[in-house]
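Asks: Enclosed is the structure file model-v2.csv (CSV, C-alpha atoms (C1' of nucleotides)).
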```csv
chain,number,residue,atom,x,y,z
W,1,MET,CA,67.3,24.6,227.3
W,2,ALA,CA,70.9,23.7,227.7
W,3,ARG,CA,69.5,20.8,229.7
W,4,ARG,CA,67.7,19.5,226.6
W,5,ILE,CA,71.0,19.5,224.8
W,6,ARG,CA,72.7,17.5,227.6
W,7,GLU,CA,69.8,15.0,227.8
W,8,THR,CA,70.1,14.4,224.0
W,9,VAL,CA,73.9,13.8,224.3
W,10,ALA,CA,73.3,11.5,227.2
W,11,ALA,CA,70.9,9.5,225.0
W,12,ILE,CA,73.6,8.7,222.4
W,13,PRO,CA,74.2,5.0,222.7
W,14,LEU,CA,77.6,3.6,223.4
W,15,GLY,CA,79.5,2.8,220.3
W,16,LYS,CA,77.6,5.5,218.3
W,17,VAL,CA,78.2,9.1,217.5
W,18,ALA,CA,76.2,12.2,216.5
W,19,SER,CA,77.1,15.5,215.0
W,20,TYR,CA,76.7,18.8,216.7
W,21,GLY,CA,74.0,19.8,214.3
W,22,GLN,CA,72.2,16.5,214.8
W,23,VAL,CA,72.2,16.9,218.5
W,24,ALA,CA,70.9,20.4,218.1
W,25,GLU,CA,68.0,19.3,215.9
W,26,LEU,CA,67.0,16.4,218.1
W,27,ALA,CA,67.1,18.6,221.1
W,28,GLY,CA,64.7,21.0,219.3
W,29,TRP,CA,67.2,23.7,218.5
W,30,PRO,CA,67.7,23.6,214.7
W,31,ARG,CA,70.8,25.5,213.4
W,32,ARG,CA,72.4,25.7,216.9
W,33,ALA,CA,75.3,23.4,216.3
W,34,ARG,CA,77.7,26.0,217.7
W,35,TYR,CA,75.4,26.3,220.7
W,36,VAL,CA,75.7,22.6,221.3
W,37,ALA,CA,79.5,22.9,221.2
W,38,ARG,CA,79.5,25.6,223.7
W,39,VAL,CA,77.2,23.8,226.1
W,40,LEU,CA,79.5,20.8,226.0
W,41,GLY,CA,82.5,23.0,226.7
W,42,GLN,CA,80.8,24.5,229.7
W,43,THR,CA,79.5,21.2,231.1
W,44,PRO,CA,81.7,20.1,234.0
W,45,ALA,CA,83.3,16.7,233.8
W,46,ALA,CA,81.3,15.8,236.9
W,47,ALA,CA,78.2,15.7,234.8
W,48,ARG,CA,79.6,12.5,233.2
W,49,LEU,CA,78.2,13.3,229.8
W,50,PRO,CA,79.3,11.2,226.8
W,51,TRP,CA,80.6,14.3,225.1
W,52,HIS,CA,83.1,12.3,223.2
W,53,ARG,CA,80.2,10.8,221.1
W,54,VAL,CA,79.6,14.2,219.5
W,55,VAL,CA,81.7,15.0,216.4
W,56,ARG,CA,81.6,17.2,213.3
W,57,ALA,CA,79.1,16.4,210.6
W,58,ASP,CA,81.9,15.1,208.4
W,59,GLY,CA,83.0,12.6,211.0
W,60,ARG,CA,86.0,14.4,212.3
W,61,ILE,CA,86.8,15.4,215.8
W,62,ALA,CA,86.3,19.1,216.3
W,63,PHE,CA,89.4,19.7,218.4
W,64,VAL,CA,92.8,20.5,216.8
W,65,GLU,CA,94.4,17.2,215.7
W,66,GLY,CA,97.0,16.1,218.1
W,67,SER,CA,95.8,18.4,220.9
W,68,GLU,CA,95.2,17.0,224.4
W,69,PRO,CA,91.4,17.1,224.1
W,70,PHE,CA,91.6,15.6,220.7
W,71,GLU,CA,93.5,12.6,221.9
W,72,LYS,CA,91.3,12.2,224.9
W,73,GLN,CA,88.2,12.0,222.7
W,74,ARG,CA,89.8,9.7,220.2
W,75,GLY,CA,90.9,7.4,223.0
W,76,ARG,CA,87.4,7.3,224.5
W,77,LEU,CA,85.8,6.5,221.2
W,78,GLU,CA,88.2,3.7,220.3
W,79,ALA,CA,87.7,2.3,223.8
W,80,GLU,CA,84.1,1.8,223.0
W,81,GLY,CA,84.6,0.4,219.5
W,82,VAL,CA,84.4,3.4,217.3
W,83,ALA,CA,87.2,3.4,214.8
W,84,VAL,CA,89.0,6.8,214.4
W,85,LEU,CA,91.2,6.5,211.3
W,86,GLY,CA,93.2,9.5,210.4
W,87,GLY,CA,91.2,11.5,212.8
W,88,ARG,CA,88.1,10.6,211.0
W,89,ILE,CA,85.1,8.4,211.9
W,90,SER,CA,82.8,6.7,209.4
W,91,MET,CA,79.5,8.4,210.0
W,92,ARG,CA,77.9,5.9,207.7
W,93,ARG,CA,78.8,3.2,210.2
W,94,TYR,CA,78.6,5.0,213.5
W,95,ARG,CA,76.1,7.7,213.1
W,96,TRP,CA,73.3,7.4,215.7
W,97,GLN,CA,69.9,6.8,214.1
W,98,PRO,CA,67.3,7.3,216.9
W,99,ASP,CA,64.6,6.5,214.4
W,100,LEU,CA,64.1,2.7,213.9
W,101,SER,CA,62.8,2.9,210.4
W,102,GLU,CA,65.9,4.7,209.3
W,103,LEU,CA,68.0,2.4,211.3
W,104,LEU,CA,66.9,-0.4,209.0
W,105,PHE,CA,68.5,1.4,206.1
W,106,GLN,CA,71.9,1.6,207.8
W,107,PRO,CA,74.6,-0.8,206.7
W,108,PRO,CA,75.6,-3.5,209.1
W,109,PRO,CA,78.3,-2.5,211.6
W,110,ALA,CA,80.3,-5.5,210.4
W,111,GLU,CA,84.1,-5.3,209.9
D,1,DC,C1',76.1,49.3,218.7
D,2,DT,C1',79.9,46.9,216.2
D,3,DG,C1',82.9,43.5,215.1
D,4,DA,C1',85.4,39.3,216.1
D,5,DT,C1',85.0,34.4,217.5
D,6,DG,C1',84.1,29.6,217.5
D,7,DA,C1',84.3,21.8,220.1
D,8,DC,C1',79.6,24.2,213.3
D,9,DT,C1',77.5,23.1,208.3
D,10,DA,C1',76.7,23.0,203.4
D,11,DT,C1',78.0,23.7,198.8
D,12,DA,C1',81.1,24.5,195.0
D,13,DG,C1',85.3,24.1,192.2
H,1,DC,C1',91.9,15.9,199.5
H,2,DC,C1',91.9,21.0,199.8
H,3,DT,C1',90.6,25.9,199.7
H,4,DA,C1',87.0,29.3,199.4
H,5,DT,C1',82.5,31.2,200.6
H,6,DA,C1',78.6,31.9,202.8
H,7,DG,C1',75.3,30.9,206.4
H,8,DC,C1',74.6,30.3,211.1
H,9,DC,C1',74.0,32.4,216.2
H,10,DA,C1',75.1,33.2,221.2
H,11,DT,C1',78.6,35.6,223.5
H,12,DC,C1',81.9,39.0,224.6
H,13,DA,C1',85.3,42.9,224.2
```
Could you spell out this file's structure in structure tokens?

Replies:
Amino acid sequence: MARRIRETVAAIPLGKVASYGQVAELAGWPRRARYVARVLGQTPAAARLPWHRVVRADGRIAFVEGSEPFEKQRGRLEAEGVAVLGGRISMRRYRWQPDLSELLFQPPPAE
DNA sequence: CTGATGACTATAG
DNA sequence: CCTATAGCCATCA
């Protein structure tokens, strides 16, 4: 169960992000956004999960702005090309779209 | 059993 | 942009 969550997070491609609720749904656990958050919090760093690619539905990092974990996540995202401006990420640009048909309707990652 | 909590989300004004 | 509200749900004191 929690494993399904981790597998979904692990599937998020580099340079893309997904919201907690999106991960929950893709993993087969609708309305379990908070559960996803807790699973990530309990997953040891040794699991090497791309947890930093999971953000809030509005594109903001879930941690308190300026906190250590917040900065860590921001750093990792920017390191892989995801712009975090004012603590926010453009979901329109970086939201992970696992479905190809929907991917075609996404604006180009130009800029 | 009850109430509080939180790496959440959606909607409204 | 911001605050307020209301759902949500596993977990824990």

Asks: Residues of chain H within 12 Å of chain W, counting only C-alpha atoms (C1' of nucleotides) - could you list those as a PyMOL selection string?

Replies: chain H and resi 7-11

Asks: Compare W:Arg56, W:Thr43, W:Leu14, W:Ala24 by their minimum atom-to-atom distance to chain D, counting only C-alpha atoms (C1' of nucleotides), and give me the closest one.

Replies: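 The answer is W:Arg56, which sits nearest to chain D.
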
Asks: Check every residue of chain D for an atom within 8 Å of chain W, counting only C-alpha atoms (C1' of nucleotides), and provide those that qualify as a compact mmCIF listing (two decimals) with C-alpha atoms (C1' of nucleotides), in the frame of the given file.

Replies:
```txt
# COMPACT_ATOMS: atom_id res chain seq x y z
C1' DG D 6 84.10 29.60 217.50
C1' DA D 7 84.30 21.80 220.10
C1' DC D 8 79.60 24.20 213.30
C1' DT D 9 77.50 23.10 208.30
```

Asks: Between atom CA of W:Ile12 and atom CA of W:Arg53, what is the distance, to one decimal in Å?

Replies: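 We find that atom CA of W:Ile12 and atom CA of W:Arg53 lie 7.0 Å from each other.
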
Asks: So the first atom is atom CA of W:Gly59 and the second is atom CA of W:Val9; what is the distance between them in Å, to one decimal place?

Replies: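 Between atom CA of W:Gly59 and atom CA of W:Val9 the gap works out to 16.2 Å.
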
Asks: I'd like the neighbourhood of D:DA12 as number ranges by chain, where a residue qualifies if any of its atoms comes within 12 Å (using only C-alpha atoms (C1' of nucleotides)), though same-chain residues fewer than 4 positions away should be ignored.

Replies: H: 3-6

Asks: Find the distance between atom CA of W:Ser67 and atom CA of W:Ala27 and write it in Å to one decimal.

Replies: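 One can read the atom CA of W:Ser67 to atom CA of W:Ala27 distance as 28.7 Å.
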